[in-house]
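Peer 1: Before anything else, here's the structure in question.
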Amino acid sequence: MTLTDTHKITRILFQDFPPWMVAVFYGMVIVAVAVFLWGVFRQLRKYAAGQRDRDLWATARQRIGDTIVTILSHRAIRRRDQAAGGVHAMIFYGFVLLFIGTATITLQYDILGPFGIDFWYGGFYLTFKLVLNLAGLGLILGLVYMMVRRSWIKPPKLNYARPDRAPTDPDYNREFYRIEDWAFLWTLILIGITGFVLSGARLIWLQDDPTVWDYRWWSPVAAVLAAILKGLGLGAAVAVKLRLGLWWTHGILALTFIALIPYTKVKHIFTAIGAWLVKDPDALRRLPAGDLDQEKIGYTEITDFGRRYLLQADACTKCGRCHEACPANATGYPLSPRDMILTVREHADRQLTPSFVGLGHAGPISILGNGDVQVRSETLWACRQCGACTEICPVGVEHVPITT
Amino acid sequence: MKILVPVKRTASLDDEFEMRDDGRDVDADFCEYDINEFDEFSVEEAIKIKEAAAEGAVEVVVVTVGSEDADEVLRKCLAKGADRGIRVWDDAMEGSDQIAIARILAKVIEREQPELVLTGAQSSDHGFAQTGIALAGLLGWPHGAVVSFLDYTPGSASLSFRRELEGGLEQQASIALPAVLTIQLGINRPRYASLRGIRQASAKPVEELTHGDLGLGDDQVGEAGSLSHVRRMYVPERGRSEMIEGTPAQQASRILQIIREVRG
Amino acid sequence: MMRRSLVESGDMDPMLQKTLDAVNKSGNSFNESRRKRPRWAKDIGFDIKDARKEPVDVLWFVGDFASFDPRSQKVSKTFARLLHEAGVDFGILYEDETTAGNDIRRVGEEGLFQTLAEGNIATLAECDFKRIVTTDPHSYNTLKNEYPAFGGNYRVDHASALLKELIDSGAVTLPKKLDYKVTYHDPCHLGRFNKGYDPPRAAIAGTGVDFVELPRSRDNSFCCGGGGGRVWVPDPPGVTKPGENRVREAGAIAGLDMLVVNCPKCMTMLEDAVKTAGFEGKFQVKELIELVAEAMDLDEKAAAAAAAELIQEKV
Amino acid sequence: MAGILIIAEHRQGVFRPITLEAVAAAETIKAGSGGGVAVAVIAPQPGAYVPWVSVAAVDEVITVTAPNDEFDPDVTQAAVKALIEARKPSVVLMAHSVDSWAVAPALAAELGLGFATDVFDLCYDGGELVATRAAYKEKVFVELDFPGKETVLLTIRSNAFKPAAGTGSPAVSDFPIPGLAPRTRHQGWQEPPPSGGIDIPGAEFIMSVGRGVGDEANIEQFAELAEVLGATLGCSRPIADNGWLPKARQVGQSGKLAANCKLYIAMGISGAVQHQWGMKHVENIIAVNKDADASIFTVAKYGVVGDMFEIAEELKAQAGRN
């Protein structure tokens with residue numbers, strides 16, 4: 001294989017796709033990105049409805065370095081739960097690498113390619129393939145562990161039963177969050193699996209092309225799958241159809257996933273980093289001073305909340321560590337820091353993210369009260385201000401100043 | 001419709017205190033001052049009536065007879081929801097007894113013309129239990145003492161109430177307005193006045209009057225206007241119980257010994 | 001900041017309301033008169049310097065519980081004698097000291113907290129001292145972290161940090177090796193809030209006891225249940241108290257003699273929990289200062305000093 | 001006419017013996033007052049009460065027919081006013097009861113009488129009437145006099161004087177009063193909640209808990225101790241107000257009188273005058289309180305300054321053994 005041929009060692013995107021199919025795909029990409037951006041705008045508008053926080057950016061600037069180290073090292077997530085922390089790191093780096101991979105293809109195909117600049121071939125392409133294969137494998141294994149953890153290990157802190165509501169209360173049951181958790185897991189794992197089977201089918205389909213077949217072991221997982229499928233008698237003719245079907249499954253799942261990030265638990269990808277960035281390191285030891293001459297003090301409506309707190313409420317992934325650490329919750333008091341923060345989030349979503357139809361408040365205005373999306377005074381009075389929740393929260397939620 | 005609530009700034013003593021030079025009261029340095037405990041309940045009852053009525057239908061006015069230091073008590077009531085405060089004071093009022101104070105309050109009431117006057121049943125420092133009913137006597141108004149329950153809808157010409165008598169018995173009665181009622185502890189649960197609320201309440205109006213403004217002569221206030229005169233106030237020689245000393249165990253066994261002696 | 005609006009609307013437990021009224025009236029949460037605040041110091045055998053009148057190195061901000069709670073008064077007396085024995089130049093504010101207001105703020109009465117802070121800062125402004133020390137982690141927290149915003153900038157240390165310094169400098173000698181099996185409860189406001197984990201452990205190590213960590217300690221310490229104003233509000237009957245949960249955790253340590261606490265509120269909550277959780281007689285709740293004093297043989301030293309003074313008078 | 005006028009009390013048709021304590025008070029100053037002791041009974045059938053007040057010290061009984069069955073402040077005020085104007089007594093005595101709270105101050109203010117309430121000692125000093133009462137929660141006593149007052153109205157603290165006894169043959173006369181349209185209408189009575197078998201007035205041995213108990217959870221410990229000691233459990237007003245114990249267990253002016261009690265143990269009770277009203281008369285009182293200056297120690301025969309919880313535990317342990 002001469003030097004010039006290395007250009008051939010690459011992957012032809014949309015190979016054998018009719019032009020209309022490519023156009024449809026790009027149409028879908030644009031729609032997905034548009035839906036994503038609208039979601040992001042809605043969230044930012046929600047946070048902007050909160051109170052400006054003078055020293056918000058001061059703490060943010062101070063904490064950029066700390067945030068980067070915390071996110072990359074996952075130290076906050078690993079504390080007191082090494083397994084979950086480590087596995088989440090696998091999923092995190094898997095997802096990040098896959099995202100970078102897709103971005104690289106976009107850079108090559110949509111941006112530099114038209115100007116004739118090619119880099120996605122040869123040694124670079126092969127290493128690229130290897131890295132993404134391993135990233136994908138890490139992602140899937142991580143997700144499998146998380147599924148096992150949720151369905152079989154079942155740590156008590158993942159139980160969504162609420163201590164601050166009686167079973168007869170309309171909003172006692174928060175099981176609907178479980179549906180969102182599982183949808184998130186299944187969507188991501190299916191994207192991973194369809195990606196691999198798709199590339200395995202492609203290898204069988206192009207087994208006669210040495211530039212593809214001879215280098216298949218650079219994508220080891222795909223190569224193994226190809227070997228299995230071949231063993232099962234999958235020929236090139238069927239493989240090409242399988243490849244097309246899986247391509248579209250993979251594509252639609254991925255685009256849907258991206259589009260729905262701002263509307264689902266997936267938004268913690270952004271909000272968790274944002275929340276940690278704006279978290280006040282002195283949240284426990286120094287409460288924000290209240291201005292006594294103002295017309296009002298303390299929070300009664302959701303728009304009284306500081307913007308950082310609304311952002312933090314959206315960062316919560318219900319990991320249950322605060323729920324488990326809270327002494328009031330552990331001894332039967334009607335308080336769980338997790339459920340209190342989720343109530344703040346639900347209240348904010350109901351008040352500040354108006355339905356598509358129009359603006360306007362649906363439901364009670366005050367965050368305090370015995371209604372379904374309200375925080376009860378018995379809950380707030382059960383708190384010991386001991387700070388265990390805020391101290392262990394891996395995404396930087398400041399429950400204590402929100403409560404006080 | 002207006003409810004007027006006289007309030008008093010009462011003193012409480014540390015267990016180590018000294019008398020004033022003239023021996024007729026305790027030296028003020030040894031006193032800690034706060035609103036009379038009974039008045040917390042009468043103010044709360046007035047504000048509850050106001051809050052139950054339509055917006056602005058009921059005005060709650062709090063009145064006190066006392067020097068500048070008494071403003072703090074008025075501000076606390078204003079922070080809880082009273083609308084207006086009146087403080088009556090000048091040097092001639094020094095030494096007024098409860099009847100002289102009732103006479104001053106009666107003049108304020110004639111000025112304000114409220115439909116209902118709620119006072120505390122007694123004060124937590126002297127426990128005279130005089131001012132409220134003396135006020136009614138001077139005004140010639142109907143009155144009820146030691147009220148433990150009150151049912152009143154603003155605008156009606158009468159109201160029904162219950163009086164708490166000895167042994168827990170209660171008497172139900174109704175009374176024509178305008179009337180004076182003295183309020184017993186436990187009729188409601190007084191709300192808390194936050195310090196911020198008290199600070200901001202200082203913006204609400206507090207009218208200051210002298211006995212001249214009320215058309216009272218010098219001989220109607222102060223010691224001249226009083227029906228009793230303090231000869232002396234003293235710390236009594238107390239009978240002291242026989243103190244049982246020793247460790248808790250020894251004290252307990254001595255108690256058991258007494259029980260056996262008495263009960264046989 | 002939700003509790004702040006509950007306080008404004010008066011939606012709170014009646015016992016808490018009584019406490020806030022008491023602090024409003026007399027500057028302490030025990031509804032005692034201001035004059036009674038320094039009375040604990042009457043019978044300790046010497047007069048503590050009055051920091052309002054004389055310059056002192058260490059201004060000891062005593063706090064409500066250490067001044068008024070009978071059990072914690074014993075600790076305050078021991079601490080005073082310990083400092084006296086160690087030759088520390090210290091003084092207190094006597095009856096001009098009011099509660100520092102940490103829990104008043106965390107209950108949500110922000111107005112009352114700011115008034116208390118301004119009052120204490122004004123009193124402290126008249127005093128001449130190098131640093132403030134307190135045995136109460138709650139007072140420690142608000143003096144150190146929250147008073148600066150109102151103009152009160154001081155060097156503030158918790159008593160455990162001073163104890164460590166005195167032991168390290170030899171001012172406090174620990175001749176008597178104690179053979180108790182001991183565990184230590186990290187008070188939330190000292191540990192989790194202000195990372196004061198190590199000085200107490202160093203002091204404990206100095207006493208030669210057999211030290212065992214609780215399963216949940218340092219930043220994962222399980223609260224005694226007394227923070228955020230809950231020490232003033234009794235737990236409804238029938239509910240297990242956080243203190244009981246913590247005491248059971250300590251009870252699981254085989255052969256434990258002592259649960260060492262380092263905060264007057266933890267002392268109140270955990271001593272009560274030892275009774276209600278049925279561990280009475282199994283192990284004792286003891287303050288760090290008391291443990292160090294015992295290792296110091298403080299009582300014997302004081303007795304010897306008193307005897308010496310007597311002889312001197314006779315001569 | 002000088003002399004002393006006493007206003008009798010009755011409720012639900014029953015004579016209230018507290019009147020006889022006012023008579024006893026009158027006896028101590030009879031000489032100085034320059035006249036006899038007369039008791040006025042204002043009731044629909046005043047004659048029915050004459051035998052109750054015909055005790056040794058009473059020289060005259062005045063029956064006043066009232067238009068209303070139950071106590072009405074306006075009627076009593078008008079009647080006493082008429083009596084004072086007609087007879088010019090130097091001293092008028094009433095019991096310091098809830099009914100006198102409702103009329104005495106109005107009467108004194110309207111007629112400008114010398115006036116003091118809750119008096120527990122009175123005497124003539126150099127021709128001047130001097131009354132003694134308490135202030136600042138019993139920490140001090142106050143002597144009052146009434147310069148230039150022709151008639152002085154005093155209300156007498158209950159349990160301050162032993163009720164007057166013996167039999168006398170007072171002259172009985174009637175005193176008409178003008179009709180009066182009452183401005184408050186009596187509508188009925190509300191009996192206190194059923195005592196549910198709790199009999200504080202009948203109990204011979206009572207142990208009461210007060211504010212010192214701290215919180216509801218600690219009540220149980222003292223209920224058990226009372227059972228072990230064989231005492232009836234009582235309490236002070238704050239405990240009943242908080243609902244920690246039924247109202248029937250409350251000892252005090254707005255609760256029950258421990259009339260039959262021989263031995264009373266007060267745990268963590270400071271000794272407010274309203275509580276002392278219910279138990280001060282008991283011969284053997286043991287008070288346990290952490291505050292050495294609590295006023296309960298001025299009435300208790302034996303006192304323990306200490307932690308009531310420690311004492312309770314020791315009592316339970318030692319009582320359990322033998």
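Naming works like this for the structure tokens: A, B, ... for the chains as they're shown, residue 1 at the start of each chain, ligands 1 onward in shown order.
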Residues of chain D within 6 Å of chain B, counting only C-alpha atoms, what are they? List them as a ChimeraX atom specification.
Peer 2: /D:102,105-106,109-110,114-115,117,135-136,140-146,183-192,253-256,297-298,300-304,311,314-315
Peer 1: Find the residues around region 171-173 of chain C up to 10 Å (only C-alpha atoms counted), leave out those fewer than 5 positions away in its own chain, and share them as an MDAnalysis selection string.
Peer 2: chainID C and resid 82:83 85:88 163:166 206:207 292:293 295:298
Peer 1: At a cut-off of 8 Å, using only C-alpha atoms, what residues contact Trp218 (chain A)? Leave out same-chain residues fewer than 6 positions from it and give the result as a ChimeraX atom specification.
Peer 2: /A:126-127,129-130
Peer 1: When distances are computed from only C-alpha atoms, which of A:Leu98, A:Leu206, A:Ala23, A:Val397 shows the smallest separation from Pro281 (chain A)?
Peer 2: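 Using only C-alpha atoms, Pro281 (chain A) sits closest to A:Val397.
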Peer 1: Give me the residues near Asn31 (chain C) as a ChimeraX atom specification, where near means some atom within 8 Å (using only C-alpha atoms) and where sequence neighbours in that chain fewer than 5 positions away do not count.
Peer 2: /C:19,22-23,25-26
Peer 1: Keeping N, CA, C and O atoms for every residue in the selection just given, could you write it to a file as a PDB file, in the first residue's frame?
Peer 2:
ATOM      1  N   THR C  19     -38.572  31.671  72.389  1.00  0.00           N
ATOM      2  CA  THR C  19     -37.118  31.903  72.449  1.00  0.00           C
ATOM      3  C   THR C  19     -36.762  33.221  71.764  1.00  0.00           C
ATOM      4  O   THR C  19     -35.975  34.014  72.286  1.00  0.00           O
ATOM      5  N   ALA C  22     -37.610  35.998  73.938  1.00  0.00           N
ATOM      6  CA  ALA C  22     -36.637  36.095  75.049  1.00  0.00           C
ATOM      7  C   ALA C  22     -35.370  36.808  74.572  1.00  0.00           C
ATOM      8  O   ALA C  22     -34.869  37.717  75.245  1.00  0.00           O
ATOM      9  N   VAL C  23     -34.881  36.428  73.385  1.00  0.00           N
ATOM     10  CA  VAL C  23     -33.637  37.045  72.890  1.00  0.00           C
ATOM     11  C   VAL C  23     -33.879  38.529  72.632  1.00  0.00           C
ATOM     12  O   VAL C  23     -33.057  39.382  72.944  1.00  0.00           O
ATOM     13  N   LYS C  25     -35.859  40.402  74.243  1.00  0.00           N
ATOM     14  CA  LYS C  25     -35.994  41.142  75.506  1.00  0.00           C
ATOM     15  C   LYS C  25     -34.669  41.186  76.269  1.00  0.00           C
ATOM     16  O   LYS C  25     -34.243  42.240  76.713  1.00  0.00           O
ATOM     17  N   SER C  26     -34.025  39.998  76.385  1.00  0.00           N
ATOM     18  CA  SER C  26     -32.891  39.985  77.338  1.00  0.00           C
ATOM     19  C   SER C  26     -31.578  39.557  76.692  1.00  0.00           C
ATOM     20  O   SER C  26     -30.617  39.298  77.411  1.00  0.00           O
TER      21      SER C  26
END
Peer 1: To test your reading of the structure, identify every residue in region 49-113 of chain B that backbone DSSP assigns to helix (DSSP H, G or I), and report it as a PyMOL selection string.
Peer 2: chain B and resi 49-52+68-80+91-93+98-112
Peer 1: Mind dumping a table of every region 178-270 of chain D residue within 9 Å of region 55-70 of chain D, with the nearest atom pair and its distance in Å to one decimal, using only C-alpha atoms, sorted by chain and rising number, as CSV?
Peer 2:
residue,atom,partner,partner_atom,distance
D:Gly179,CA,D:Pro67,CA,7.2
D:Leu180,CA,D:Pro67,CA,7.9
D:Pro182,CA,D:Asn68,CA,8.4
D:His186,CA,D:Glu70,CA,7.2
Peer 1: Restricted to all heavy atoms, what would the selected residues look like written as a PDB file, in the first residue's frame?
Peer 2:
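See again_25.pdb below for the written result:
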ATOM      1  N   GLY D 179     -84.829  49.579  89.214  1.00  0.00           N
ATOM      2  CA  GLY D 179     -84.723  48.600  88.093  1.00  0.00           C
ATOM      3  C   GLY D 179     -83.633  49.064  87.125  1.00  0.00           C
ATOM      4  O   GLY D 179     -83.243  50.228  87.118  1.00  0.00           O
ATOM      5  N   LEU D 180     -83.098  48.127  86.366  1.00  0.00           N
ATOM      6  CA  LEU D 180     -81.947  48.491  85.510  1.00  0.00           C
ATOM      7  C   LEU D 180     -82.005  47.612  84.266  1.00  0.00           C
ATOM      8  O   LEU D 180     -82.202  46.402  84.372  1.00  0.00           O
ATOM      9  CB  LEU D 180     -80.647  48.204  86.285  1.00  0.00           C
ATOM     10  CG  LEU D 180     -79.342  48.770  85.686  1.00  0.00           C
ATOM     11  CD1 LEU D 180     -79.329  50.293  85.833  1.00  0.00           C
ATOM     12  CD2 LEU D 180     -78.171  48.168  86.438  1.00  0.00           C
ATOM     13  N   PRO D 182     -80.243  45.558  81.925  1.00  0.00           N
ATOM     14  CA  PRO D 182     -78.859  45.022  81.834  1.00  0.00           C
ATOM     15  C   PRO D 182     -78.321  45.127  80.411  1.00  0.00           C
ATOM     16  O   PRO D 182     -79.069  44.939  79.446  1.00  0.00           O
ATOM     17  CB  PRO D 182     -79.016  43.554  82.244  1.00  0.00           C
ATOM     18  CG  PRO D 182     -80.447  43.233  82.034  1.00  0.00           C
ATOM     19  CD  PRO D 182     -81.231  44.511  82.160  1.00  0.00           C
ATOM     20  N   HIS D 186     -76.789  37.310  80.166  1.00  0.00           N
ATOM     21  CA  HIS D 186     -76.267  35.980  80.489  1.00  0.00           C
ATOM     22  C   HIS D 186     -76.928  34.968  79.581  1.00  0.00           C
ATOM     23  O   HIS D 186     -78.162  34.978  79.428  1.00  0.00           O
ATOM     24  CB  HIS D 186     -76.571  35.651  81.953  1.00  0.00           C
ATOM     25  CG  HIS D 186     -76.232  34.227  82.313  1.00  0.00           C
ATOM     26  ND1 HIS D 186     -74.928  33.811  82.493  1.00  0.00           N
ATOM     27  CD2 HIS D 186     -77.008  33.126  82.463  1.00  0.00           C
ATOM     28  CE1 HIS D 186     -74.936  32.513  82.770  1.00  0.00           C
ATOM     29  NE2 HIS D 186     -76.168  32.078  82.755  1.00  0.00           N
TER      30      HIS D 186
END
